[in-house]
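Q: Contents of start_16.tsv (TSV, C-alpha atoms) are below:
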chain	number	residue	atom	x	y	z
A	65	MET	CA	305.08	321.60	186.59
A	66	LYS	CA	303.12	320.80	189.72
A	67	ASN	CA	301.20	324.10	189.41
A	68	VAL	CA	300.38	323.39	185.76
A	69	SER	CA	299.01	319.96	186.71
A	70	CYS	CA	296.88	321.52	189.45
A	71	LEU	CA	295.58	324.15	187.04
A	72	LEU	CA	294.74	321.51	184.44
A	73	ALA	CA	292.99	319.34	187.03
A	74	GLY	CA	291.09	322.36	188.36
A	75	GLY	CA	290.09	323.34	184.83
A	76	LEU	CA	288.93	319.80	184.13
A	77	ILE	CA	286.81	319.74	187.31
A	78	LEU	CA	285.34	323.14	186.48
A	79	GLY	CA	284.56	321.95	182.95
A	80	VAL	CA	282.75	318.89	184.30
A	81	LEU	CA	280.76	321.03	186.75
A	82	LEU	CA	279.79	323.51	184.03
A	83	SER	CA	278.85	320.64	181.73
A	84	ASP	CA	276.63	319.16	184.46
A	85	ALA	CA	275.02	322.56	185.04
A	86	ARG	CA	274.32	322.93	181.29
A	87	ALA	CA	272.88	319.40	181.14
A	88	GLU	CA	270.65	320.24	184.11
A	89	GLU	CA	269.54	323.44	182.36
A	90	ASP	CA	268.75	321.46	179.19
A	91	ASN	CA	266.26	319.40	181.22
A	92	ILE	CA	264.29	322.47	182.37
A	93	TYR	CA	260.90	322.94	180.71
A	94	TYR	CA	257.66	324.80	181.43
A	95	ALA	CA	254.08	323.55	181.25
A	96	ARG	CA	252.74	324.64	177.87
A	97	CYS	CA	249.18	324.33	179.17
A	98	ASN	CA	247.19	323.33	182.23
A	99	LEU	CA	247.99	319.67	182.85
A	100	LYS	CA	245.32	317.54	184.52
A	101	VAL	CA	246.63	315.24	187.25
A	102	ILE	CA	244.96	311.90	187.97
A	103	LYS	CA	245.72	309.34	190.67
A	104	ALA	CA	247.84	311.85	192.66
A	105	ASN	CA	250.77	312.06	190.24
A	106	HIS	CA	249.82	310.84	186.77
A	107	ILE	CA	249.30	313.03	183.69
A	108	THR	CA	248.10	311.51	180.46
A	109	TRP	CA	247.80	312.59	176.82
A	110	VAL	CA	244.02	312.22	177.23
A	111	ASN	CA	244.13	315.11	179.76
A	112	TRP	CA	240.89	314.06	181.56
A	113	GLN	CA	238.92	317.30	182.00
A	114	ALA	CA	236.95	316.08	185.04
A	115	SER	CA	240.11	315.84	187.11
A	116	PRO	CA	239.87	318.59	189.76
A	117	GLU	CA	243.64	318.85	190.20
A	118	TYR	CA	245.84	320.37	187.57
A	119	LEU	CA	249.27	321.88	187.25
A	120	ILE	CA	249.01	325.41	185.97
A	121	VAL	CA	250.47	326.61	182.72
A	122	GLY	CA	254.02	327.86	183.20
A	123	THR	CA	254.93	325.41	185.99
A	124	LYS	CA	258.69	324.87	185.82
A	125	PHE	CA	259.84	321.23	185.55
A	126	LYS	CA	262.94	319.11	185.34
A	127	VAL	CA	262.06	316.62	182.60
A	128	LYS	CA	263.45	313.16	181.90
A	129	PRO	CA	261.88	311.48	178.85
A	130	LYS	CA	261.82	307.69	178.73
A	131	GLY	CA	260.08	305.76	175.96
A	132	LYS	CA	256.43	306.79	175.80
A	133	SER	CA	256.54	308.62	179.11
A	134	ALA	CA	258.49	311.28	180.95
A	135	SER	CA	259.21	312.13	184.55
A	136	LEU	CA	258.30	315.71	185.45
A	137	THR	CA	259.67	317.14	188.69
A	138	ASP	CA	258.21	320.47	189.79
A	139	VAL	CA	261.25	322.68	190.40
A	140	ASP	CA	259.47	324.70	193.11
A	141	THR	CA	257.81	321.93	195.12
A	142	GLY	CA	259.91	318.86	194.29
A	143	ALA	CA	256.73	316.89	193.47
A	144	THR	CA	257.26	314.31	190.74
A	145	TYR	CA	254.72	313.32	188.10
A	146	THR	CA	254.63	310.66	185.42
A	147	LEU	CA	253.56	311.98	182.04
A	148	ASP	CA	252.07	309.41	179.65
A	149	VAL	CA	252.94	311.16	176.39
A	150	GLY	CA	251.05	308.58	174.32
A	151	ALA	CA	253.92	308.02	171.87
A	152	ASN	CA	257.67	308.60	171.72
A	153	ALA	CA	258.25	311.04	174.59
A	154	GLU	CA	261.04	313.04	173.00
A	155	LYS	CA	259.12	313.67	169.78
A	156	PHE	CA	255.67	314.36	171.25
A	157	MET	CA	256.56	315.94	174.61
A	158	GLU	CA	256.19	319.41	173.05
A	159	LYS	CA	252.42	319.00	173.42
A	160	PHE	CA	252.87	319.35	177.18
A	161	VAL	CA	256.07	321.27	177.90
A	162	VAL	CA	258.19	323.94	176.20
A	163	LYS	CA	261.66	325.34	176.80
A	164	GLY	CA	260.58	328.91	177.64
A	165	PRO	CA	258.05	330.25	180.15
A	166	VAL	CA	254.46	330.73	178.95
A	167	ASN	CA	253.11	334.19	179.75
A	168	ILE	CA	249.31	334.42	179.99
A	169	ASN	CA	249.44	338.06	181.11
A	170	ARG	CA	249.41	339.08	177.44
A	171	PHE	CA	245.76	337.98	177.25
A	172	SER	CA	242.73	339.94	178.43
A	173	LYS	CA	241.49	339.48	182.02
A	174	ASP	CA	238.52	337.38	180.77
A	175	ILE	CA	240.81	335.05	178.82
A	176	GLN	CA	243.18	334.75	181.80
A	177	ASP	CA	240.17	333.79	183.98
A	178	ASN	CA	239.14	331.13	181.43
A	179	ILE	CA	242.71	329.79	181.35
A	180	ASN	CA	242.91	329.75	185.16
A	181	ASN	CA	239.59	327.88	185.27
A	182	ALA	CA	240.68	325.48	182.48
A	183	VAL	CA	237.68	326.20	180.23
A	184	ALA	CA	237.09	327.17	176.60
A	185	ARG	CA	234.65	329.88	175.59
A	186	VAL	CA	233.33	331.11	172.25
A	187	GLY	CA	235.73	333.70	170.82
A	188	MET	CA	238.91	332.25	172.31
A	189	THR	CA	241.75	331.41	169.92
A	190	LYS	CA	243.20	327.93	169.46
A	191	GLU	CA	246.28	328.95	171.46
A	192	GLU	CA	244.13	330.22	174.35
A	193	VAL	CA	242.02	327.04	174.41
A	194	TYR	CA	245.13	324.87	174.24
A	195	ILE	CA	246.71	326.72	177.16
A	196	ALA	CA	243.48	326.44	179.16
A	197	MET	CA	242.51	322.83	178.45
A	198	GLY	CA	245.67	321.18	177.17
A	199	PRO	CA	245.84	318.77	174.26
A	200	PRO	CA	242.51	317.29	173.18
A	201	ALA	CA	242.09	313.52	173.10
A	202	TRP	CA	240.85	313.61	169.49
A	203	VAL	CA	240.86	315.87	166.50
A	204	ILE	CA	238.88	315.44	163.29
A	205	ASP	CA	241.18	312.71	161.91
A	206	GLY	CA	241.79	310.59	165.00
A	207	ASN	CA	243.19	310.43	168.50
A	208	THR	CA	246.11	312.66	169.42
A	209	ASP	CA	248.46	310.24	171.16
A	210	ASN	CA	250.78	310.34	168.15
A	211	LYS	CA	250.03	313.85	166.93
A	212	THR	CA	252.33	316.81	167.36
A	213	TYR	CA	251.33	320.20	168.70
A	214	ASP	CA	251.31	321.53	165.12
A	215	ASN	CA	249.06	318.64	163.95
A	216	ILE	CA	246.57	319.49	166.67
A	217	MET	CA	246.68	323.22	165.95
A	218	ALA	CA	245.89	322.51	162.27
A	219	SER	CA	242.57	320.87	163.17
A	220	ASN	CA	239.32	322.82	163.60
A	221	LEU	CA	237.49	320.34	165.80
A	222	TRP	CA	238.90	319.24	169.15
A	223	VAL	CA	237.32	316.65	171.41
A	224	TYR	CA	238.27	316.31	175.07
A	225	LYS	CA	237.39	313.42	177.36
A	226	ARG	CA	235.63	314.58	180.52
A	227	SER	CA	236.16	311.26	182.28
A	228	ARG	CA	236.39	307.62	181.34
A	229	PHE	CA	232.61	307.22	181.05
A	230	GLY	CA	231.43	310.84	180.91
A	231	LYS	CA	230.22	312.91	178.01
A	232	ASN	CA	232.89	314.35	175.75
A	233	ILE	CA	233.63	318.06	175.38
A	234	GLY	CA	233.70	319.46	171.86
A	235	VAL	CA	235.36	322.68	170.75
A	236	GLU	CA	234.86	323.87	167.17
A	237	PHE	CA	236.96	326.58	165.54
A	238	ASN	CA	236.28	328.85	162.58
A	239	PRO	CA	238.85	327.86	159.92
A	240	SER	CA	239.40	331.51	158.91
A	241	THR	CA	239.62	333.25	162.29
A	242	LYS	CA	240.95	330.26	164.29
A	243	GLN	CA	238.53	331.26	167.08
A	244	VAL	CA	236.01	329.10	168.93
A	245	THR	CA	232.60	329.22	167.27
A	246	ARG	CA	230.92	326.55	169.39
A	247	THR	CA	231.50	324.45	172.47
A	248	GLU	CA	229.57	321.45	173.68
A	249	GLY	CA	229.63	319.74	177.06
A	250	ILE	CA	231.46	322.38	179.10
A	251	TRP	CA	230.12	322.42	182.68
A	252	ARG	CA	231.36	325.75	183.97
Rewrite the structure of this file - the entire thing - as structure tokens.

A:
Amino acid sequence: MKNVSCLLAGGLILGVLLSDARAEEDNIYYARCNLKVIKANHITWVNWQASPEYLIVGTKFKVKPKGKSASLTDVDTGATYTLDVGANAEKFMEKFVVKGPVNINRFSKDIQDNINNAVARVGMTKEEVYIAMGPPAWVIDGNTDNKTYDNIMASNLWVYKRSRFGKNIGVEFNPSTKQVTRTEGIWR
């Protein structure tokens, strides 16, 4: 009977440990796009384009959503960031992070360079621009704080904020091809 009790206790402990490991795994996400960092550790739904520091697409995070924000901890470096999602974090977090790794190697060298430099160019697809520049601050029918990734992807005009008082960046897409036809305000 003593051995059975030990086996049951051991099984219970193992179950708890496995459950904790699965819960930890459930909190692992990857940057869906380049995420601009302001004030050393803050990321916002506006994704200020003038910010020189950004976390590259595919960065692996432990994520803890809370209200309209989420805590992102870089798995490799241990650095922690606060993500201002703009609206309910759990519902709208998909604009910033996804469950699986994002592979940019499937794109041409030119597109990979644009993504690595966080810029949009004529001819890029919506997905490529999104990966490079992140979520826009506005689309044709309003700001994107409470828009989903799919809402944004359905729009053919994206507007990014360069900085609080700087000129905006516009990216227009052809409705048929879903490719950039015109950009305005891009520095690089």

Q: If we count only C-alpha atoms, what is near stretch 119-130 of chain A at a cut-off of 10 Å, once residues fewer than 2 positions away on the same chain are taken out, given as a PDB file with C-alpha atoms, in the frame of the given file?

A:
ATOM      1  CA  GLU A  88     270.650 320.240 184.110  1.00  0.00           C
ATOM      2  CA  GLU A  89     269.540 323.440 182.360  1.00  0.00           C
ATOM      3  CA  ASP A  90     268.750 321.460 179.190  1.00  0.00           C
ATOM      4  CA  ASN A  91     266.260 319.400 181.220  1.00  0.00           C
ATOM      5  CA  ILE A  92     264.290 322.470 182.370  1.00  0.00           C
ATOM      6  CA  TYR A  93     260.900 322.940 180.710  1.00  0.00           C
ATOM      7  CA  TYR A  94     257.660 324.800 181.430  1.00  0.00           C
ATOM      8  CA  ALA A  95     254.080 323.550 181.250  1.00  0.00           C
ATOM      9  CA  ARG A  96     252.740 324.640 177.870  1.00  0.00           C
ATOM     10  CA  CYS A  97     249.180 324.330 179.170  1.00  0.00           C
ATOM     11  CA  ASN A  98     247.190 323.330 182.230  1.00  0.00           C
ATOM     12  CA  LEU A  99     247.990 319.670 182.850  1.00  0.00           C
ATOM     13  CA  LYS A 100     245.320 317.540 184.520  1.00  0.00           C
ATOM     14  CA  VAL A 101     246.630 315.240 187.250  1.00  0.00           C
ATOM     15  CA  ILE A 107     249.300 313.030 183.690  1.00  0.00           C
ATOM     16  CA  GLU A 117     243.640 318.850 190.200  1.00  0.00           C
ATOM     17  CA  LYS A 132     256.430 306.790 175.800  1.00  0.00           C
ATOM     18  CA  SER A 133     256.540 308.620 179.110  1.00  0.00           C
ATOM     19  CA  ALA A 134     258.490 311.280 180.950  1.00  0.00           C
ATOM     20  CA  SER A 135     259.210 312.130 184.550  1.00  0.00           C
ATOM     21  CA  LEU A 136     258.300 315.710 185.450  1.00  0.00           C
ATOM     22  CA  THR A 137     259.670 317.140 188.690  1.00  0.00           C
ATOM     23  CA  ASP A 138     258.210 320.470 189.790  1.00  0.00           C
ATOM     24  CA  VAL A 139     261.250 322.680 190.400  1.00  0.00           C
ATOM     25  CA  ASP A 140     259.470 324.700 193.110  1.00  0.00           C
ATOM     26  CA  THR A 141     257.810 321.930 195.120  1.00  0.00           C
ATOM     27  CA  GLY A 142     259.910 318.860 194.290  1.00  0.00           C
ATOM     28  CA  ALA A 143     256.730 316.890 193.470  1.00  0.00           C
ATOM     29  CA  THR A 144     257.260 314.310 190.740  1.00  0.00           C
ATOM     30  CA  TYR A 145     254.720 313.320 188.100  1.00  0.00           C
ATOM     31  CA  THR A 146     254.630 310.660 185.420  1.00  0.00           C
ATOM     32  CA  LEU A 147     253.560 311.980 182.040  1.00  0.00           C
ATOM     33  CA  ASP A 148     252.070 309.410 179.650  1.00  0.00           C
ATOM     34  CA  VAL A 149     252.940 311.160 176.390  1.00  0.00           C
ATOM     35  CA  ASN A 152     257.670 308.600 171.720  1.00  0.00           C
ATOM     36  CA  ALA A 153     258.250 311.040 174.590  1.00  0.00           C
ATOM     37  CA  GLU A 154     261.040 313.040 173.000  1.00  0.00           C
ATOM     38  CA  LYS A 155     259.120 313.670 169.780  1.00  0.00           C
ATOM     39  CA  MET A 157     256.560 315.940 174.610  1.00  0.00           C
ATOM     40  CA  PHE A 160     252.870 319.350 177.180  1.00  0.00           C
ATOM     41  CA  VAL A 161     256.070 321.270 177.900  1.00  0.00           C
ATOM     42  CA  VAL A 162     258.190 323.940 176.200  1.00  0.00           C
ATOM     43  CA  LYS A 163     261.660 325.340 176.800  1.00  0.00           C
ATOM     44  CA  GLY A 164     260.580 328.910 177.640  1.00  0.00           C
ATOM     45  CA  PRO A 165     258.050 330.250 180.150  1.00  0.00           C
ATOM     46  CA  VAL A 166     254.460 330.730 178.950  1.00  0.00           C
ATOM     47  CA  ASN A 167     253.110 334.190 179.750  1.00  0.00           C
ATOM     48  CA  ILE A 168     249.310 334.420 179.990  1.00  0.00           C
ATOM     49  CA  ILE A 179     242.710 329.790 181.350  1.00  0.00           C
ATOM     50  CA  ASN A 180     242.910 329.750 185.160  1.00  0.00           C
ATOM     51  CA  ASN A 181     239.590 327.880 185.270  1.00  0.00           C
ATOM     52  CA  ALA A 182     240.680 325.480 182.480  1.00  0.00           C
ATOM     53  CA  ILE A 195     246.710 326.720 177.160  1.00  0.00           C
ATOM     54  CA  ALA A 196     243.480 326.440 179.160  1.00  0.00           C
ATOM     55  CA  MET A 197     242.510 322.830 178.450  1.00  0.00           C
ATOM     56  CA  GLY A 198     245.670 321.180 177.170  1.00  0.00           C
TER      57      GLY A 198
END

Q: Nearest to A:Thr247 among A:Lys225, A:Lys211, A:Lys159, A:Arg185, with distances taken over only C-alpha atoms: which residue is it?

A: A:Arg185

Q: For A:Gln113, which residue among A:Asn210, A:Gln243, A:Pro200, A:Ile216 is the nearest when counting only C-alpha atoms?

A: A:Pro200

Q: With all atoms listed in the file as the atoms that count, which of A:Ala104, A:Met217, A:Val183, A:Val244 lies nearest to A:Pro199?

A: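 Closest residue, counting all atoms listed in the file: A:Met217.
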
Q: For stretch 171-181 of chain A, what centre and edge lengths in Å (one decimal) does the axis-aligned box get once 4 Å is added on each side of all its listed atoms, as lines of an AutoDock Vina configuration file?

A:
center_x = 242.1
center_y = 333.9
center_z = 181.3
size_x = 15.2
size_y = 20.1
size_z = 16.0

Q: Please report the interatomic distance between atom CA of A:Lys190 and atom CA of A:Val203 in Å with one decimal.

A: 12.6 Å
